[in-house]
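K.L.:
Okay, here's the structure, questions in a sec.
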Amino acid sequence: MNQQTTSMSPENASGRLLNFHIFRYDPQQKGDKPRTEVYQLRETPGMTIFIALNQIRQQQDPSLQFDFVCRAGICGSCAMVINGLPTLACRTLTSKFKQGDITLMPLPGFELIGDLSVDTGKFMRELAERLKLWLHPHHHEIDVHSIEAPMAPEQAAALYELERCVECGVCVSACATKQMRETFVGAVGMMKIARFELDSRDGRTAEDFYHVIGNQDGVFGCMTLLGCQDNCPKDLPHMQQIAYLRRKMAATIL
Amino acid sequence: MNRKTHRVKWSGLLDLTQSISGILLAIFLWVHLCLVASILLGAEAMQWVAKTMELSFLSADGHGYPWVVTVMAVLIGVLILLHVLVALHKLPLTLKQQRALNKQMHVIPHEDTKLWRWQAITGVIVLLAAPVHLWLVGAAPETIGPYGSADRIWNQGGWLLYVPLLLAVELHAAVGIYRVVLKWGLAGDDMTRIQLRKAKSIASAIFILVGLASLVAFMPHAS
Ligand code: HEM
Ligand code: SF4
Ligand code: FES
C-alpha cells in the first residue's frame with residue numbers, strides 16, 4: 001500500500017485537526033490497487049465517523065465509497081474497522097480517539113464493493129437460506145380462526161433480546177475462525193438459530209438443528225475466540241448463546 | 001426406524017473429546033508438577049514420591065513396579081494423540097489459512113484471538129517436546145528419582161527440552177481450561193470472564209515458577 005496525501009488545509013479552525021487514514025480500492029476499476037489515503041478534517045462537537053466521512057466526501061473527495069442509511073445504529077449498514085475495532089461508524093464519536101489519527105478499513109470477510117463499502121446483504125441472504133432462518137411453525141396448515149398460543153413474557157423478552165441484531169456483519173468480520181474457514185457459518189447465523197430454538201412457536205427439534213449446525217462449519221467449528229462477543233455493537237450475548245447451542249447439540253449425542 | 005438417529009455424530013464427539021482430553025491432560029499436568037516439585041523439599045521427599053508412584057507399598061520388597069510409570073507414559077501419549085487429532089481440524093494448516101490469520105490479527109488485533117494463537121503455537125511445541133519426554137522417562141522408569149533425574153536434566157542436557165516444554169505446556173493448559181469454561185458456557189457473564197482470564201494467567205505464572213524452581217533444585221543432586 002502506498003501512502004498518498006490529499007489534504008486541504010481547513011479554515012475556520014476551532015477543533016483539533018483529525019487525520020483520517022482511509023483504505024481505498026475500487027475492484028470495478030481496472031488497474032486500481034489497494035492503498036491508504038490520508039484526509040485532514042477539523043473536529044466539530046459531537047462529530048461521528050459517519051459525519052466526518054460525509055464531510056470528506058462533500059468537501060474533499062466525491063469518489064469515496066461508504067454505506068449508511070439510518071445514521072442511528074439501526075440499519076447496520078455503516079459497519080467498518082475503526083482503528084482496529086470493527087463497529088458502526090454512525091455510533092462512533094471521533095472524540096474517542098485521543099491521538100487524532102483514525103484508520104478506517106472495510107470489514108474483512110465480505111465482498112468488497114469499493115473503499116469502505118462491503119456487501120453484507122448478499123452474505124446475510126445466503127446465510128438465511130442456508131440455515132433456514134425463518135419460523136417453521138408446528139403445523140403447516142394455517143387456520144385464521146384458531147387463537148394463537150400465548151407466549152410467556154420471559155420467553156418473549158429473551159427473543160426480543162436476540163431480535164436486536166441489525167445484521168451489520170461485525171461479528172463475522174471479527175471472527176478469525178471465519179477468516180480461516182470460509183464455510184464456517186459465523187456468530188450471526190448461530191445467534192439466529194438460537195433465537196428460533198428458543199421460540200416455542202418453532203416446530204424444529206434439537207435433532208433438526210443438529211443437521212444444520214451440528215458440524216465443524218457450525219457450532220463445533222467455533223473455537224471460542226469471542227471476537228463476536230467483544231465487538232457486537234448491539235452487545236448481544238454471543239458467548240452464552242453459542243455455548244447454549246453447543247450444549248444442546250452435544251446433548252443429542254447422549 | 002429413523003436411519004438418521006443411527007449416524008455417528010462425529011463433530012460433536014470430536015469436540016467433546018477435545019475438551020475432555022484437554023481437562024484430563026491439564027489435571028495430570030498440574031498433579032505431575034506438584035509431584036516433581038517434591039524435590040524442593042529435598043532428595044528424601046522426592047525419593048519417597050517416586051517410590052510411592054511406583055506403588056512400592058504394594059510390593060513385598062518395597063521396590064515397587066517401575067513399569068507403572070511406563071504405563072502412565074503410554075496412557076498420556078494416547079490422550080495427547082486423541083487431543084491432537086481434533087486440534088488438527090482447528091489449526092491453520094494451509095498457507096492460505098495462516099495468511100488469513102495473520103492478516104486478521106493485523107487488521108483486527110483482538111485479545112482473545114491472540115490468546116488462541118498462542119495456544120496453537122504452544123500446542124505445536126508441546127506436540128514436538130512431550131513425546132521425547134515421555135520416551136525418556138517411559139523407557140527408563142527406574143532412573144526417576146532425585147539423582148537419576150538430576151543427572152538427566154543437568155548432565156545429559158535434559159533442561160534444553162524441559163524449559164521450553166514447561167513454558168509451552170503451562171501456558172497452553174491454563175488458556176485451554178479458560179476456553180473449556182467459556183465454550184461450554186460455565187461462566188455466565190463478562191465479569192466472570194475477566195476474573196477467569198486473570199486466574200488463568202496467575203495459574204500459568206505460578207506453575208512456571210514452581211517448575212523452574214524444581215529444575216534448579218535438582219542441580220545440587222547432579223554429580
Ligand atoms: C499436556 C498437554 C496438553 C494439555 C494439558 C492441553 C490442554 C488443552 C485444553 C484444556 C484445551 C481446551 C480444550 C477445548 O477447547 O475444548 C486445549 C485446546 C487445544 N489444544 Fe491442547 N493440550 C495439550 C497438548 C496439546 C498438543 C500436543 C497440541 C498439538 C497441536 C494441542 C493443541 C491444542 C489446540 C490447537 C487447542 C485449541 C482447540 C480449539 O481451538 O478448539 N494441545 N488443550
Ligand atoms: S450479532 Fe451483533 S455484530 Fe453480529 S450482525 Fe448482529 S448486531 Fe452485528
Ligand atoms: S447508518 Fe444505520 S447503523 Fe449506522
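Chain lettering (A, B, ...) mirrors the order of the C-alpha cells, residue numbering begins at 1 for each chain separately, and ligand numbering begins at 1 in order of display.
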Just want the 9 Å neighbourhood of Leu64 of chain A, counted on only C-alpha atoms, with same-chain residues fewer than 5 positions away dropped. Output as an NGL selection string.
P.N.:
:A and (24 or 53 or 56-57 or 114-116)
K.L.:
May I have the selected residues written with C-alpha atoms, as a CSV table (one decimal), in the first residue's frame?
P.N.:
chain,number,residue,atom,x,y,z
A,24,ARG,CA,-9.1,3.0,-0.9
A,53,LEU,CA,-16.9,10.7,6.2
A,56,ILE,CA,-14.8,14.3,3.4
A,57,ARG,CA,-16.9,13.1,0.5
A,114,GLY,CA,-15.3,-0.3,-3.1
A,115,ASP,CA,-13.3,1.5,-0.4
A,116,LEU,CA,-15.2,1.1,2.9
K.L.:
For ligand 1, return the neighbouring residues as a VMD selection string (distance at most 8 Å; only C-alpha atoms and all ligand atoms).
P.N.:
(chain A and resid 221 to 225) or (chain B and resid 15 to 29 76 80 to 81 83 to 84 86 to 88 90 to 91 116 119 to 128 130 169 to 170 172 to 180 183)
K.L.:
Enumerate as JSON, numbers by chain the residues within 10 Å of ligand 2, counting only C-alpha atoms and all ligand atoms.
P.N.:
{"A": [73, 74, 75, 76, 77, 79, 86, 87, 88, 120, 124, 162, 163, 164, 165, 166, 167, 168, 169, 170, 171, 172, 173, 174, 186, 187, 188, 189, 190, 191, 192, 227, 228, 229, 230, 231, 232, 233, 234, 235, 236, 237, 238]}
K.L.:
Residues within 10 Å of Pro27 of chain A, please, as a ChimeraX atom specification. Count only C-alpha atoms; anything in the same chain fewer than 4 positions from it doesn't count.
P.N.:
/A:31-34,112-115
K.L.:
Could you turn the residues from that selection into a file that holds N, CA and C atoms, as an mmCIF file, in the first residue's frame?
P.N.:
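Below you can see result_2.cif, which holds the result:
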data_model
loop_
_atom_site.group_PDB
_atom_site.id
_atom_site.type_symbol
_atom_site.label_atom_id
_atom_site.label_comp_id
_atom_site.auth_asym_id
_atom_site.auth_seq_id
_atom_site.Cartn_x
_atom_site.Cartn_y
_atom_site.Cartn_z
ATOM 1 N N GLY A 31 -6.942 -1.871 -13.025
ATOM 2 C CA GLY A 31 -5.630 -1.326 -12.680
ATOM 3 C C GLY A 31 -5.573 -0.643 -11.328
ATOM 4 N N ASP A 32 -6.710 -0.540 -10.637
ATOM 5 C CA ASP A 32 -6.700 0.111 -9.321
ATOM 6 C C ASP A 32 -6.028 -0.815 -8.304
ATOM 7 N N LYS A 33 -5.222 -0.210 -7.401
ATOM 8 C CA LYS A 33 -4.510 -1.011 -6.390
ATOM 9 C C LYS A 33 -4.932 -0.558 -5.002
ATOM 10 N N PRO A 34 -4.996 -1.503 -4.033
ATOM 11 C CA PRO A 34 -5.328 -1.112 -2.666
ATOM 12 C C PRO A 34 -4.283 -0.137 -2.112
ATOM 13 N N LEU A 112 -15.969 -6.985 -1.314
ATOM 14 C CA LEU A 112 -15.716 -5.545 -1.308
ATOM 15 C C LEU A 112 -16.429 -4.889 -2.492
ATOM 16 N N ILE A 113 -17.240 -3.887 -2.192
ATOM 17 C CA ILE A 113 -17.881 -3.127 -3.270
ATOM 18 C C ILE A 113 -16.923 -2.031 -3.712
ATOM 19 N N GLY A 114 -16.310 -1.359 -2.744
ATOM 20 C CA GLY A 114 -15.321 -0.331 -3.051
ATOM 21 C C GLY A 114 -15.009 0.455 -1.798
ATOM 22 N N ASP A 115 -13.736 0.777 -1.582
ATOM 23 C CA ASP A 115 -13.287 1.533 -0.410
ATOM 24 C C ASP A 115 -13.814 0.908 0.892
#
K.L.:
Any idea what's packed within 12 Å of Gly218 of chain A, counting only C-alpha atoms, ignoring anything in its chain fewer than 3 positions away? Could you give it as JSON, numbers by chain?
P.N.:
{"A": [127, 130, 131, 177, 178, 181, 182, 183, 184, 185, 186, 187, 188, 189, 190, 191, 193, 209, 210, 211, 212, 213, 214, 215, 221, 222, 223, 242, 245, 246, 249], "B": [11, 12, 15]}
K.L.:
Taking only C-alpha atoms into account and nothing else, which residues of chain B lie no more than 9 Å away from chain A? Please answer as a ChimeraX atom specification.
P.N.:
/B:5,8-16,89-90,92,96-101,104-116,179-180,182-189
K.L.:
Could the residues in this selection be written to a file with N, CA and C atoms, as a short mmCIF file (atom, residue, chain, number, x, y, z; two decimals), in the first residue's frame?
P.N.:
data_model
loop_
_atom_site.label_atom_id
_atom_site.label_comp_id
_atom_site.auth_asym_id
_atom_site.auth_seq_id
_atom_site.Cartn_x
_atom_site.Cartn_y
_atom_site.Cartn_z
N THR B 5 -30.91 -41.31 13.10
CA THR B 5 -30.53 -41.38 14.50
C THR B 5 -29.40 -42.38 14.72
N VAL B 8 -23.31 -41.78 13.42
CA VAL B 8 -22.42 -41.32 14.49
C VAL B 8 -22.23 -39.82 14.35
N LYS B 9 -22.41 -39.11 15.45
CA LYS B 9 -22.29 -37.65 15.40
C LYS B 9 -20.84 -37.25 15.67
N TRP B 10 -20.04 -37.40 14.65
CA TRP B 10 -18.61 -37.22 14.81
C TRP B 10 -18.21 -35.83 15.28
N SER B 11 -18.80 -34.80 14.69
CA SER B 11 -18.38 -33.43 15.04
C SER B 11 -18.57 -33.17 16.52
N GLY B 12 -19.72 -33.59 17.04
CA GLY B 12 -19.99 -33.38 18.45
C GLY B 12 -19.06 -34.22 19.31
N LEU B 13 -18.86 -35.48 18.91
CA LEU B 13 -17.97 -36.36 19.67
C LEU B 13 -16.55 -35.82 19.70
N LEU B 14 -16.09 -35.32 18.55
CA LEU B 14 -14.72 -34.80 18.49
C LEU B 14 -14.56 -33.59 19.39
N ASP B 15 -15.57 -32.71 19.38
CA ASP B 15 -15.48 -31.50 20.20
C ASP B 15 -15.43 -31.88 21.68
N LEU B 16 -16.28 -32.85 22.06
CA LEU B 16 -16.27 -33.33 23.44
C LEU B 16 -14.92 -33.97 23.77
N HIS B 89 -7.92 -30.40 13.21
CA HIS B 89 -9.04 -29.83 12.44
C HIS B 89 -9.14 -28.32 12.62
N LYS B 90 -8.54 -27.82 13.70
CA LYS B 90 -8.73 -26.42 14.03
C LYS B 90 -7.51 -25.57 13.73
N PRO B 92 -4.60 -23.77 11.76
CA PRO B 92 -4.44 -23.33 10.37
C PRO B 92 -3.28 -24.09 9.73
N LYS B 96 -2.70 -20.63 3.06
CA LYS B 96 -3.81 -19.70 2.87
C LYS B 96 -4.45 -19.35 4.24
N GLN B 97 -4.62 -20.38 5.07
CA GLN B 97 -5.23 -20.13 6.38
C GLN B 97 -4.30 -19.34 7.28
N GLN B 98 -3.00 -19.64 7.20
CA GLN B 98 -2.05 -18.91 8.04
C GLN B 98 -1.98 -17.45 7.63
N ARG B 99 -2.05 -17.21 6.32
CA ARG B 99 -2.06 -15.83 5.84
C ARG B 99 -3.31 -15.12 6.31
N ALA B 100 -4.44 -15.83 6.22
CA ALA B 100 -5.71 -15.23 6.64
C ALA B 100 -5.66 -14.85 8.12
N LEU B 101 -5.08 -15.74 8.94
CA LEU B 101 -4.98 -15.46 10.38
C LEU B 101 -4.07 -14.25 10.63
N GLN B 104 -5.78 -11.08 9.58
CA GLN B 104 -6.84 -10.75 10.53
C GLN B 104 -6.25 -10.12 11.79
N MET B 105 -5.16 -10.69 12.31
CA MET B 105 -4.54 -10.16 13.52
C MET B 105 -3.99 -8.76 13.28
N HIS B 106 -3.65 -8.49 12.03
CA HIS B 106 -3.13 -7.18 11.68
C HIS B 106 -4.27 -6.15 11.61
N VAL B 107 -5.37 -6.53 10.95
CA VAL B 107 -6.49 -5.60 10.78
C VAL B 107 -7.28 -5.44 12.08
N ILE B 108 -7.57 -6.58 12.73
CA ILE B 108 -8.35 -6.54 13.98
C ILE B 108 -7.57 -7.30 15.07
N PRO B 109 -6.67 -6.60 15.79
CA PRO B 109 -5.87 -7.29 16.81
C PRO B 109 -6.67 -7.53 18.09
N HIS B 110 -7.43 -8.64 18.08
CA HIS B 110 -8.35 -8.94 19.18
C HIS B 110 -7.66 -9.81 20.23
N GLU B 111 -7.81 -9.46 21.49
CA GLU B 111 -7.04 -10.09 22.57
C GLU B 111 -7.24 -11.60 22.70
N ASP B 112 -8.49 -12.03 22.77
CA ASP B 112 -8.70 -13.47 22.98
C ASP B 112 -8.30 -14.28 21.76
N THR B 113 -8.31 -13.64 20.59
CA THR B 113 -7.84 -14.34 19.39
C THR B 113 -6.32 -14.52 19.47
N LYS B 114 -5.64 -13.50 20.00
CA LYS B 114 -4.19 -13.62 20.21
C LYS B 114 -3.90 -14.78 21.16
N LEU B 115 -4.74 -14.86 22.19
CA LEU B 115 -4.58 -15.93 23.19
C LEU B 115 -4.70 -17.30 22.51
N TRP B 116 -5.66 -17.42 21.62
CA TRP B 116 -5.84 -18.68 20.91
C TRP B 116 -4.62 -18.98 20.03
N ARG B 179 -10.69 -21.71 28.09
CA ARG B 179 -11.52 -21.88 26.90
C ARG B 179 -12.62 -22.92 27.12
N VAL B 180 -12.29 -24.00 27.81
CA VAL B 180 -13.32 -25.02 28.09
C VAL B 180 -14.47 -24.40 28.87
N LEU B 182 -15.43 -21.29 28.97
CA LEU B 182 -16.22 -20.37 28.15
C LEU B 182 -17.01 -21.10 27.07
N LYS B 183 -16.39 -22.09 26.43
CA LYS B 183 -17.07 -22.69 25.28
C LYS B 183 -18.28 -23.50 25.66
N TRP B 184 -18.29 -24.05 26.87
CA TRP B 184 -19.46 -24.81 27.31
C TRP B 184 -20.39 -23.96 28.18
N GLY B 185 -20.07 -22.68 28.33
CA GLY B 185 -20.99 -21.76 29.00
C GLY B 185 -21.01 -21.90 30.50
N LEU B 186 -19.87 -22.25 31.10
CA LEU B 186 -19.85 -22.40 32.56
C LEU B 186 -19.63 -21.06 33.26
N ALA B 187 -19.22 -20.04 32.48
CA ALA B 187 -19.09 -18.69 33.04
C ALA B 187 -20.15 -17.82 32.38
N GLY B 188 -21.06 -17.34 33.17
CA GLY B 188 -22.22 -16.66 32.62
C GLY B 188 -21.94 -15.33 31.94
N ASP B 189 -21.22 -14.44 32.59
CA ASP B 189 -21.15 -13.07 32.07
C ASP B 189 -19.71 -12.61 31.85
#
K.L.:
Name the residues of chain B that come out as helix (DSSP H, G or I) in a backbone DSSP run; write them as an MDAnalysis selection string.
P.N.:
chainID B and resid 3:6 10:41 43:53 56:58 67:90 95:107 111:139 141:143 146:155 159:183 190:221
K.L.:
Work out how far apart atom CA of Gln58 of chain A and atom CA of Glu43 of chain A are and give it in Å to one decimal.
P.N.:
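Pair atom CA of Gln58 of chain A / atom CA of Glu43 of chain A returns 15.4 Å.
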K.L.:
Between A:Ile22, A:Ala52, A:Met47, A:Ala89, which one has atoms that come closest to ligand 3, using only C-alpha atoms and all ligand atoms?
P.N.:
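Residue with the minimum atom-to-atom distance to ligand 3: A:Ala89.
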K.L.:
Just checking: using only C-alpha atoms, which residue out of B:Thr143, B:Ser214, B:Ser201, B:Thr94 ends up closest to Tyr162 of chain B?
P.N.:
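Residue with the minimum atom-to-atom distance to Tyr162 of chain B: B:Ser214.
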